[in-house]
Structure formats: C-alpha cells, structure tokens
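One file, input.txt, is given below (compact mmCIF, C-alpha atoms).
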# COMPACT_ATOMS: atom_id res chain seq x y z
CA MET A 83 16.14 -33.98 -1.41
CA TYR A 84 18.30 -31.30 -2.99
CA CYS A 85 21.06 -28.89 -2.10
CA VAL A 86 22.34 -25.58 -3.40
CA CYS A 87 25.80 -25.25 -4.88
CA SER A 88 27.66 -22.31 -6.37
CA GLY A 89 28.85 -24.08 -9.50
CA GLN A 90 29.69 -27.34 -11.21
CA ASP A 91 33.46 -27.58 -11.32
CA SER A 92 33.76 -31.36 -11.28
CA VAL A 93 31.53 -32.39 -14.19
CA ASP A 94 32.00 -33.81 -17.67
CA SER A 95 29.37 -33.60 -20.38
CA SER A 96 28.11 -36.71 -22.11
CA ASP A 97 25.82 -37.34 -25.05
CA ASP A 98 24.82 -40.69 -23.53
CA LEU A 99 22.63 -39.18 -20.81
CA PRO A 100 19.05 -38.17 -21.72
CA VAL A 101 18.21 -34.46 -21.93
CA PRO A 102 15.05 -33.38 -20.03
CA GLN A 103 12.25 -32.31 -22.38
CA HIS A 104 8.81 -30.73 -22.03
CA ILE A 105 9.50 -29.23 -18.60
CA CYS A 106 6.29 -28.58 -16.68
CA ILE A 107 6.12 -26.30 -13.61
CA SER A 108 2.94 -26.23 -11.49
CA GLN A 109 1.62 -25.60 -7.97
CA ILE A 110 3.65 -22.39 -7.73
CA THR A 111 3.70 -20.54 -4.40
CA CYS A 112 5.83 -17.64 -3.19
CA ASP A 113 8.64 -20.01 -2.18
CA SER A 114 8.02 -23.39 -3.85
CA PHE A 115 6.98 -25.09 -7.08
CA LYS A 116 6.43 -28.56 -8.50
CA ILE A 117 8.50 -29.60 -11.50
CA GLY A 118 8.48 -32.54 -13.87
CA TRP A 119 9.75 -33.39 -17.35
CA ASP A 120 10.01 -36.16 -19.93
CA ILE A 121 13.23 -38.02 -20.73
CA GLU A 122 14.05 -40.74 -23.21
CA SER A 123 14.43 -44.24 -21.83
CA ALA A 124 17.91 -44.70 -23.30
CA GLY A 125 20.45 -43.97 -20.58
CA GLN A 126 17.78 -43.28 -17.99
CA ASP A 127 19.01 -46.08 -15.73
CA ARG A 128 22.37 -44.25 -15.36
CA VAL A 129 20.82 -41.04 -14.01
CA THR A 130 21.52 -40.55 -10.31
CA HIS A 131 20.95 -36.80 -9.94
CA TYR A 132 19.28 -33.79 -11.51
CA PHE A 133 20.97 -30.40 -11.86
CA MET A 134 18.73 -27.32 -12.08
CA ASP A 135 19.95 -23.88 -13.13
CA LEU A 136 17.62 -21.25 -11.61
CA ASN A 137 18.02 -17.56 -12.45
CA LYS A 138 16.04 -14.41 -11.84
CA LYS A 139 14.89 -13.11 -15.18
CA GLU A 140 16.99 -10.11 -16.14
CA ASN A 141 15.48 -6.75 -15.25
CA THR A 142 16.03 -4.40 -18.17
CA GLY A 143 15.10 -1.32 -16.17
CA PRO A 144 18.03 0.88 -15.08
CA ASN A 145 18.95 0.51 -11.43
CA LYS A 146 22.48 1.52 -10.54
CA PHE A 147 22.03 0.24 -6.98
CA LYS A 148 21.05 -3.30 -8.02
CA HIS A 149 23.62 -6.02 -7.44
CA LYS A 150 24.00 -8.69 -10.09
CA ASP A 151 21.86 -11.72 -9.25
CA VAL A 152 23.87 -14.86 -8.55
CA PRO A 153 22.54 -17.95 -10.37
CA THR A 154 21.30 -20.73 -8.11
CA LYS A 155 22.41 -24.27 -8.91
CA LEU A 156 20.25 -27.00 -7.37
CA VAL A 157 21.35 -30.60 -7.12
CA ALA A 158 18.66 -33.21 -6.44
CA LYS A 159 18.77 -36.97 -6.24
CA ALA A 160 16.96 -38.68 -9.09
CA VAL A 161 13.57 -39.22 -7.46
CA ARG A 162 10.25 -39.96 -9.11
CA LEU A 163 8.87 -36.99 -10.99
CA PRO A 164 7.22 -34.58 -10.54
CA MET A 165 8.94 -33.32 -7.40
CA MET A 166 8.51 -30.29 -5.15
CA VAL A 167 11.23 -27.66 -4.92
CA ARG A 168 11.04 -25.56 -1.75
CA GLY A 169 13.44 -22.89 -0.65
CA HIS A 170 12.74 -19.47 0.85
CA TRP A 171 16.49 -18.82 0.86
CA PHE A 172 16.68 -18.73 -2.95
CA LEU A 173 13.10 -18.04 -4.09
CA SER A 174 11.43 -14.65 -3.78
CA PRO A 175 7.70 -14.00 -4.21
CA ARG A 176 6.33 -12.23 -7.29
CA THR A 177 9.57 -12.81 -9.19
CA GLN A 178 10.17 -13.97 -12.75
CA TYR A 179 12.62 -16.88 -13.06
CA THR A 180 14.19 -18.92 -15.84
CA LEU A 181 15.02 -22.57 -15.24
CA SER A 182 16.81 -25.30 -17.17
CA VAL A 183 17.61 -28.88 -16.18
CA GLN A 184 20.22 -31.53 -16.95
CA THR A 185 20.53 -35.13 -15.84
CA ALA A 186 23.68 -36.35 -14.13
CA ALA A 187 25.41 -39.63 -13.25
CA LYS A 188 27.66 -39.68 -10.21
CA ARG A 189 30.95 -41.45 -10.87
CA PRO A 190 32.93 -43.60 -8.39
CA ASP A 191 35.43 -40.77 -7.93
CA GLY A 192 32.63 -38.51 -6.70
CA ASP A 193 32.51 -36.29 -9.80
CA TYR A 194 29.59 -36.14 -12.25
CA THR A 195 28.91 -36.85 -15.86
CA VAL A 196 26.09 -34.63 -17.10
CA SER A 197 23.78 -34.32 -20.08
CA LYS A 198 23.28 -31.22 -22.18
CA TRP A 199 21.06 -28.54 -20.65
CA SER A 200 17.37 -28.61 -21.47
CA GLU A 201 15.61 -25.69 -23.07
CA SER A 202 14.96 -22.88 -20.60
CA VAL A 203 11.46 -22.28 -19.26
CA GLU A 204 10.05 -19.24 -17.46
CA PHE A 205 7.73 -18.95 -14.48
CA CYS A 206 6.71 -16.39 -11.88
CA THR A 207 6.41 -17.07 -8.16
CA ALA A 208 3.18 -16.19 -6.37
CA ASP A 209 2.10 -13.64 -3.76
CA TYR A 210 2.10 -14.32 -0.04
CA SER A 211 -0.66 -16.75 0.87
CA SER A 212 -3.09 -16.20 3.73
CA VAL A 213 -0.80 -18.36 5.90
CA HIS A 214 2.15 -16.03 5.29
CA LEU A 215 0.02 -12.94 5.89
CA THR A 216 -1.19 -14.40 9.18
CA GLN A 217 2.45 -14.80 10.23
CA LEU A 218 3.09 -11.15 9.35
CA LEU A 219 -0.05 -10.17 11.26
CA GLN A 220 1.16 -11.95 14.39
CA LYS A 221 4.50 -10.13 14.21
CA ALA A 222 2.72 -6.80 13.81
CA GLU A 223 0.42 -7.50 16.75
CA ALA A 224 3.46 -7.97 18.99
CA LEU A 225 4.67 -4.45 18.18
CA ALA A 226 1.42 -2.47 18.03
CA GLY A 227 1.50 -1.16 21.61
CA ARG A 228 -1.34 0.55 23.43
CA MET A 229 -4.28 2.22 21.71
CA LEU A 230 -4.85 5.98 21.48
CA PRO A 231 -8.16 7.71 20.64
CA PHE A 232 -8.65 9.59 17.39
CA THR A 233 -11.56 11.25 15.58
CA VAL A 234 -10.46 11.93 11.99
CA PHE A 235 -8.75 10.31 9.03
CA TYR A 236 -6.54 12.61 6.97
CA ARG A 237 -4.72 12.64 3.64
CA ASN A 238 -1.78 14.93 2.91
CA HIS A 239 -0.93 16.08 -0.60
CA GLN A 240 0.19 18.99 -2.74
CA LYS A 241 -2.18 21.94 -3.20
CA GLU A 242 -2.52 21.16 -6.93
CA TYR A 243 -3.87 17.68 -6.17
CA PHE A 244 -6.88 19.01 -4.25
CA GLU A 245 -7.43 21.84 -6.73
CA GLU A 246 -7.51 19.35 -9.59
CA LYS A 247 -10.01 17.10 -7.79
CA GLY A 248 -12.14 20.14 -6.97
CA ARG A 249 -12.36 21.10 -10.64
CA THR A 250 -13.80 17.74 -11.71
CA ALA A 251 -17.55 17.32 -12.09
CA SER A 252 -17.70 14.84 -9.20
CA CYS A 253 -15.36 16.82 -6.89
CA ARG A 254 -14.05 13.61 -5.38
CA MET A 255 -10.86 11.63 -4.86
CA LEU A 256 -10.78 8.38 -6.81
CA PRO A 257 -9.07 5.11 -5.87
CA CYS A 258 -5.84 4.26 -7.67
CA VAL A 259 -3.73 1.11 -7.79
CA LYS A 260 -1.47 0.64 -4.78
CA ASP A 261 2.23 1.06 -5.48
CA ASP A 262 4.99 -1.47 -4.74
CA SER A 263 5.83 -0.27 -1.23
CA GLY A 264 6.08 -2.80 1.58
CA SER A 265 6.64 -6.54 1.44
CA HIS A 266 7.61 -7.84 -1.99
CA GLY A 267 5.07 -10.66 -1.67
CA SER A 268 2.11 -8.51 -0.64
CA PRO A 269 -0.99 -9.50 -2.65
CA ILE A 270 -2.31 -5.92 -2.66
CA SER A 271 0.68 -4.23 -4.35
CA GLY A 272 -0.09 -3.36 -7.95
CA LYS A 273 -3.57 -4.87 -7.63
CA LEU A 274 -5.79 -3.30 -4.96
CA GLU A 275 -7.33 0.09 -5.78
CA GLY A 276 -7.82 2.56 -2.97
CA ILE A 277 -7.07 5.95 -1.39
CA PHE A 278 -4.39 6.21 1.29
CA PHE A 279 -5.32 7.84 4.60
CA SER A 280 -3.55 8.29 7.92
CA CYS A 281 -4.98 8.39 11.42
CA ASN A 282 -1.97 8.47 13.76
CA THR A 283 -2.01 11.27 16.32
CA GLU A 284 0.64 12.96 18.42
CA PHE A 285 0.79 11.58 21.94
CA ASN A 286 0.95 14.98 23.66
CA THR A 287 -1.85 16.69 21.69
CA GLY A 288 -4.11 13.86 20.54
CA LYS A 289 -4.22 15.54 17.12
CA PRO A 290 -2.69 14.67 13.73
CA PRO A 291 0.96 15.76 13.39
CA GLN A 292 1.69 18.99 11.52
CA ASP A 293 4.59 17.48 9.55
CA SER A 294 4.06 15.35 6.46
CA PRO A 295 6.19 13.72 3.74
CA TYR A 296 3.44 14.02 1.13
CA GLY A 297 2.54 17.70 0.94
CA PRO A 298 1.58 20.81 2.93
CA TYR A 299 -2.17 20.49 2.39
CA ARG A 300 -4.45 18.12 4.26
CA PHE A 301 -7.88 16.66 3.60
CA GLN A 302 -9.52 15.76 6.92
CA ILE A 303 -12.69 13.72 7.35
CA GLN A 304 -14.62 12.49 10.38
CA ALA A 305 -13.65 8.89 11.12
CA ASP A 306 -17.20 7.52 11.09
CA LEU A 307 -17.67 8.48 7.43
CA LEU A 308 -15.03 5.94 6.39
CA PHE A 309 -15.08 3.45 9.27
CA ASN A 310 -18.40 2.25 10.69
CA GLN A 311 -20.50 -0.86 11.23
CA SER A 312 -20.87 -1.28 7.46
CA THR A 313 -17.11 -1.30 6.83
CA ASN A 314 -14.92 -4.40 6.81
CA LEU A 315 -11.33 -4.16 8.05
CA TYR A 316 -8.42 -6.21 6.69
CA PHE A 317 -4.72 -6.57 7.49
CA GLY A 318 -2.60 -5.84 4.41
CA ASP A 319 1.11 -5.69 5.32
CA PHE A 320 3.81 -5.04 7.92
CA TYR A 321 7.17 -3.55 6.99
CA CYS A 322 9.97 -1.07 7.69
CA MET A 323 12.38 0.94 5.52
CA TYR A 324 15.80 0.41 7.16
CA THR A 325 14.70 2.53 10.15
CA SER A 326 13.18 1.87 13.56
CA TYR A 327 9.75 2.99 12.28
CA HIS A 328 7.40 0.15 11.40
CA TYR A 329 4.34 0.46 9.19
CA VAL A 330 1.10 -1.51 9.17
CA ILE A 331 -1.13 -1.34 6.09
CA LEU A 332 -4.84 -1.80 6.75
CA VAL A 333 -7.71 -1.87 4.27
CA LEU A 334 -11.14 -0.33 4.92
CA ALA A 335 -13.70 -1.76 2.48
CA PRO A 336 -17.43 -1.07 2.63
CA GLU A 337 -19.38 -4.32 2.83
CA GLY A 338 -19.98 -5.77 -0.63
CA SER A 339 -17.83 -3.21 -2.46
CA LYS A 340 -15.36 -4.09 -5.20
CA GLY A 341 -12.53 -3.70 -2.71
CA ASP A 342 -14.28 -5.92 -0.18
CA VAL A 343 -14.70 -8.66 -2.76
CA PHE A 344 -10.98 -8.41 -3.61
CA CYS A 345 -9.88 -8.65 0.03
CA LYS A 346 -12.08 -11.59 1.06
CA GLY A 347 -10.00 -14.76 0.92
CA ARG A 348 -6.80 -12.84 0.21
CA LEU A 349 -6.27 -10.82 3.40
CA PRO A 350 -6.80 -11.64 7.09
CA ALA A 351 -10.03 -10.03 8.28
CA LEU A 352 -9.89 -8.09 11.57
CA ASP A 353 -12.63 -7.59 14.14
CA ARG A 354 -13.49 -3.90 13.74
CA SER A 355 -14.15 -3.45 17.47
CA SER A 356 -11.38 -5.64 18.87
CA ASN A 357 -7.96 -5.64 17.23
CA PRO A 358 -4.62 -4.06 18.21
CA PHE A 359 -4.35 -1.64 15.26
CA LEU A 360 -7.55 0.25 14.45
CA SER A 361 -10.82 -0.14 16.30
CA CYS A 362 -14.36 1.19 15.98
CA THR A 363 -16.52 0.61 19.05
CA GLU A 364 -20.23 1.42 19.26
CA MET A 365 -21.25 3.06 22.55
CA GLU A 366 -24.61 2.68 24.35
CA ASP A 367 -25.90 5.94 22.83
CA GLY A 368 -25.06 4.72 19.32
CA SER A 369 -21.98 6.92 18.88
CA LEU A 370 -18.71 5.43 17.64
CA LEU A 371 -15.39 5.55 19.48
CA PHE A 372 -12.13 5.14 17.51
CA HIS A 373 -8.62 4.09 18.57
CA HIS A 374 -5.32 3.54 16.74
CA ALA A 375 -2.12 1.72 17.72
CA GLN A 376 0.55 3.95 19.22
CA ASP A 377 3.77 2.12 18.32
CA VAL A 378 3.28 1.55 14.58
CA ILE A 379 2.49 3.97 11.75
CA LEU A 380 -0.81 3.03 10.15
CA GLU A 381 -1.39 3.37 6.41
CA VAL A 382 -5.11 2.97 5.81
CA ILE A 383 -6.43 2.22 2.32
CA PHE A 384 -10.08 3.14 1.73
CA THR A 385 -11.31 1.32 -1.36
CA GLU A 386 -14.06 3.68 -2.55
CA PRO A 387 -14.20 7.26 -3.94
CA VAL A 388 -14.38 10.06 -1.36
CA GLU A 389 -16.14 13.36 -2.07
CA LEU A 390 -14.23 16.48 -1.06
CA VAL A 391 -17.40 18.05 0.40
CA THR A 392 -17.43 15.36 3.11
CA GLY A 393 -14.33 16.89 4.69
CA THR A 394 -12.12 19.97 4.77
CA VAL A 395 -8.85 20.91 3.05
CA THR A 396 -6.45 23.10 5.02
CA GLN A 397 -2.77 23.98 4.95
CA ILE A 398 -0.61 22.48 7.68
CA SER A 399 2.12 24.43 9.40
CA GLY A 400 4.84 21.77 9.70
CA HIS A 401 7.67 20.62 7.47
CA GLN A 402 7.47 18.34 4.45
CA LEU A 403 9.61 15.41 5.63
CA MET A 404 10.36 13.73 2.30
CA SER A 405 12.67 11.17 3.93
CA LEU A 406 9.62 9.57 5.59
CA SER A 407 7.73 9.02 2.33
CA THR A 408 6.77 5.39 1.74
CA ILE A 409 5.98 5.77 -1.98
CA ASN A 410 7.36 2.61 -3.63
CA ALA A 411 9.48 2.07 -0.50
CA LYS A 412 11.28 -1.26 -0.33
CA LYS A 413 11.14 -3.38 2.79
CA ASP A 414 14.30 -4.01 4.77
CA PRO A 415 14.93 -7.76 4.18
CA SER A 416 17.26 -8.00 7.18
CA CYS A 417 14.83 -6.76 9.84
CA LYS A 418 13.99 -9.53 12.30
CA VAL A 419 10.93 -7.68 13.59
CA CYS A 420 8.88 -7.59 10.38
CA ASN A 421 10.17 -10.44 8.19
CA ILE A 422 8.94 -14.01 8.05
CA SER A 423 10.66 -17.17 6.79
CA VAL A 424 9.67 -16.89 3.15
CA GLY A 425 11.08 -14.87 0.28
CA ARG A 426 11.11 -11.14 1.12
Kindly transcribe the structure held in the file into structure tokens.
Amino acid sequence: MYCVCSGQDSVDSSDDLPVPQHICISQITCDSFKIGWDIESAGQDRVTHYFMDLNKKENTGPNKFKHKDVPTKLVAKAVRLPMMVRGHWFLSPRTQYTLSVQTAAKRPDGDYTVSKWSESVEFCTADYSSVHLTQLLQKAEALAGRMLPFTVFYRNHQKEYFEEKGRTASCRMLPCVKDDSGSHGSPISGKLEGIFFSCNTEFNTGKPPQDSPYGPYRFQIQADLLFNQSTNLYFGDFYCMYTSYHYVILVLAPEGSKGDVFCKGRLPALDRSSNPFLSCTEMEDGSLLFHHAQDVILEVIFTEPVELVTGTVTQISGHQLMSLSTINAKKDPSCKVCNISVGR
C-alpha cells in the first residue's frame, strides 16, 4: 500500500491539488496507526498518491551520543480513507511523532505534482501489547536453561539506603516507579511500582554472589515471605545490554494487590509452580521449594512494601561491579536473541 523513500527530488508543487485538513489518527499500537483526513472536492479526482512526512518529535534533553533522527517519507496510493499505516522498521513504541500529509498526482513522466503540506499533528505510539510480550516470553523461555534451587531473595544497596529506611516510623522499603531499563516498549517502565530483588545463585556454592553493581550492603529475606501460594507471577521483559548476559524481568504481586490489578491483562501470567524462570512448588509436608533459571539473570519486582524486620541487612565481601548495573539500561536493538519484529 505504501513505501518508504528518503526524499522527494522529482516533485513540483501545485495550488490545484487539495491540501489534507483535519487529520485524525486513531487505533494506535506500538508499530501501527490508522489515519484519515478531509480534503476539498476540487482537484480530488487528480490525486493518485499521498505523501506523509513522519518525524520523531525532537528530544530537547542533552544526549551527546544520540544520532540525528532521519525523517521518514511515506508514499501511499490514494486509497479510501481512513487507512492503516504499519511498519516496525520505522515506528518505535512509546515514541512521540509529528506527521504532516500532502496529496500528489503522478505525471506521465513518472514525477509528481504535489499539494502544500498539511498542518502537522502529533501522536505517541503505544506500549507492547500482550501479543508482543508473549513473543518476548517465548524467546526468553528458549534461553532460560535448567533450574537451580534457592532459598532467599536479596536486594543490594548502599549502606545509607538501609539506614534511611530504618529511621522511618514504618522501617520498611517502599515501592517506587520502575525506571526505563529494558525494552523500549515495555508496559511496566515508568508505570509499575515495585521493589527490585534478585534471586540468582552461584552454581558452585548455591548461594547469592558476593559481588554486586548496586552497593556493598544486602537485605536478605526468606523466599516464602515474598513468593507463596497467594502471590501471582508475571513475565515483564527480556533484554540485554550489548553483552552476552540476558535479563528477564518478573513481577511478584500478591493476589488482589494494586500491583496485581495493574499486571492483569497487561502482562503474561506464569504458572507459579511450572515455568522456566522462577518456580514455587508446594511439597507434601506443606513446605515450599524454590528454583530459578540458571542461564538468565532474573530481576524480580515485588509490588508491595517490605519491612526490614522480615529480613537481615549485612555487608557483602565482593566488589561493586558498576558495569553490570541495569539502572535505566537501554536494550541492544541488534540482538537477535531478545528482539522481536516490532519497534525496539
């Protein structure tokens, strides 16, 4: 229906062609939208094509590493409006765009006569849908590897963080809004509130690693206090940061909690006792057995406050590996392991 071109070298402007007015954009997804407009009847019979000028809205924030965005020119045959525009190769999720339209008449010599540009309109593409997240989930499942047992969740931070929480009346850690790390289209970034925990263990010791990118102090809590038969488990994201390490974000939300309500319908739900990432199995004696995936790094978001008295805070003996921090980390858009065929 349409193609992408880098420019319009062989065009002449004309006042005889109608200019699109009252542009309306609807049914916006992460990589598509529906567009329609009004045009005057005079000259309408000459219109053979539509030209659309699509640009990412300028980011005023300083970023010396950012390349200049190249405008996307779309050429579509003059079909009945409204029409769908689909293209994961030029649309990114959660991105502000400006768009203007002109009508065109193809001449016998193959060049175009075009109208004036319409007024520019703005719109923002959507988050990944459940379909896209399911595709990410399937890719993550293929990489998860075998399961290893674990008994505790832990959270690393600076000493001052735990001292500050300990001085509050509630003596607890509170959920905060998730940062922009991971897939650009993730529906939890900047929206879901929670507390990040880890659970990965070292293969040779079966215990949490002594190194951390987040701080030399560790809060450690028994796994069953956060993950049990009253907790729902959701898949949140799958990404890497230009390295061989891959990360899976999971959400633990107590049944009926604010976080649980947010996740239902937005994120793929996982069977707590049978999934390849993080499992909680009830034994015959009523005790719970926990396992985590070996070949991915799990980032677990617990959506409710956690009291410090439910665990222990100790200093770890390893190094603070800042290069492994995922705070606001951007996903590698070229990785074939963790990307799907939609905007990154």
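In terms of minimum interatomic distance to Tyr179 (chain A), A:Phe115 ranks closest within A:Phe115, A:Tyr194, A:Phe232, A:Tyr132, counting only C-alpha atoms.
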Expressed in Å to a single decimal, how great is the separation between CA of Ser356 (chain A) and CA of Leu371 (chain A)?
11.9 Å
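Compared by their closest atoms to Ser326 (chain A), and using all atoms listed in the file, the residues A:Lys260, A:Arg228, A:Arg237, A:Lys418 rank with A:Lys418 nearest.
Interatomic distance, CA of Tyr243 (chain A) to CA of Thr394 (chain A): 13.9 Å.
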Thr287 (chain A) surroundings by all atoms listed in the file, 12 Å radius, close-in-sequence under 5 positions cut, as number ranges by chain:
A: 230-232, 282, 292
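With distances taken over all atoms listed in the file, A:Gly264 is the one residue among A:Pro257, A:Gly347, A:Gly264, A:Gly272 lying closest to Leu218 (chain A).
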Which residues, written as a ChimeraX atom specification, have at least one atom at most 9 Å from Ile422 (chain A), with all atoms listed in the file counted and residues fewer than 6 positions away on the same chain left out?
/A:214,217-218,221
Could you give me, as a PyMOL selection string, the residues within 7 Å of Pro164 (chain A), counting only C-alpha atoms and dropping anything in the same chain fewer than 6 positions from it?
chain A and resi 116-118
Considering all atoms listed in the file, return as a VMD selection string whatever protein or nucleic-acid residues lie within 9 Å of Ala351 (chain A), sequence-local ones (same chain, fewer than 2 positions apart) excluded.
chain A and resid 314 to 317 345 to 347 349 353 to 354
Restricting the calculation to all atoms listed in the file, which member of A:Leu173, A:Ile303, A:Val129, A:Ala124 is positioned closest to Gly393 (chain A)?
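Using all atoms listed in the file, the shortest distance to Gly393 (chain A) belongs to A:Ile303.
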Just the residues within 9 Å of Ser114 (chain A), please, counting all atoms listed in the file, with nothing from its chain fewer than 3 positions along; format it as a list in words.
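So the residues in contact are Gln109, Ile110, Thr111, Met166, Val167, Arg168, Gly169, His170, Leu173 and Thr207 of chain A.
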Using all atoms listed in the file, can you tell me which of A:Ile277, A:Leu99, A:Met165, A:Ala187 comes closest to Glu381 (chain A)?
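Nearest candidate to Glu381 (chain A) out of A:Ile277, A:Leu99, A:Met165, A:Ala187: A:Ile277.
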May I ask for the distance between CA of Thr233 (chain A) and CA of Glu364 (chain A), given in Å to one decimal place?
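That distance, rounded to one decimal, is 13.6 Å.
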Please determine an axis-aligned box that encloses all atoms of region 282-298 of chain A listed in the file, with 6 Å added on each side, and express its centre and edge lengths in Å to one decimal as AutoDock Vina command-line options.
--center_x 1.0 --center_y 14.6 --center_z 12.3 --size_x 22.4 --size_y 24.3 --size_z 34.7
Select, from A:Asp209, A:Asp262, A:Pro415, A:Val234, the residue with the minimum atom-to-atom distance to Cys322 (chain A), counting all atoms listed in the file.
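Residue with the minimum atom-to-atom distance to Cys322 (chain A): A:Pro415.
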List as a VMD selection string: which residues have an atom within 10 Å of (15.1, -3.3, 7.5), counting only C-alpha atoms?
chain A and resid 321 to 328 412 to 421
Write a file of the selected residues as a PDB file, keeping the file's coordinate frame, keeping C-alpha atoms.
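This went into result_34.pdb:
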ATOM      1  CA  TYR A 321       7.170  -3.550   6.990  1.00  0.00           C
ATOM      2  CA  CYS A 322       9.970  -1.070   7.690  1.00  0.00           C
ATOM      3  CA  MET A 323      12.380   0.940   5.520  1.00  0.00           C
ATOM      4  CA  TYR A 324      15.800   0.410   7.160  1.00  0.00           C
ATOM      5  CA  THR A 325      14.700   2.530  10.150  1.00  0.00           C
ATOM      6  CA  SER A 326      13.180   1.870  13.560  1.00  0.00           C
ATOM      7  CA  TYR A 327       9.750   2.990  12.280  1.00  0.00           C
ATOM      8  CA  HIS A 328       7.400   0.150  11.400  1.00  0.00           C
ATOM      9  CA  LYS A 412      11.280  -1.260  -0.330  1.00  0.00           C
ATOM     10  CA  LYS A 413      11.140  -3.380   2.790  1.00  0.00           C
ATOM     11  CA  ASP A 414      14.300  -4.010   4.770  1.00  0.00           C
ATOM     12  CA  PRO A 415      14.930  -7.760   4.180  1.00  0.00           C
ATOM     13  CA  SER A 416      17.260  -8.000   7.180  1.00  0.00           C
ATOM     14  CA  CYS A 417      14.830  -6.760   9.840  1.00  0.00           C
ATOM     15  CA  LYS A 418      13.990  -9.530  12.300  1.00  0.00           C
ATOM     16  CA  VAL A 419      10.930  -7.680  13.590  1.00  0.00           C
ATOM     17  CA  CYS A 420       8.880  -7.590  10.380  1.00  0.00           C
ATOM     18  CA  ASN A 421      10.170 -10.440   8.190  1.00  0.00           C
TER      19      ASN A 421
END
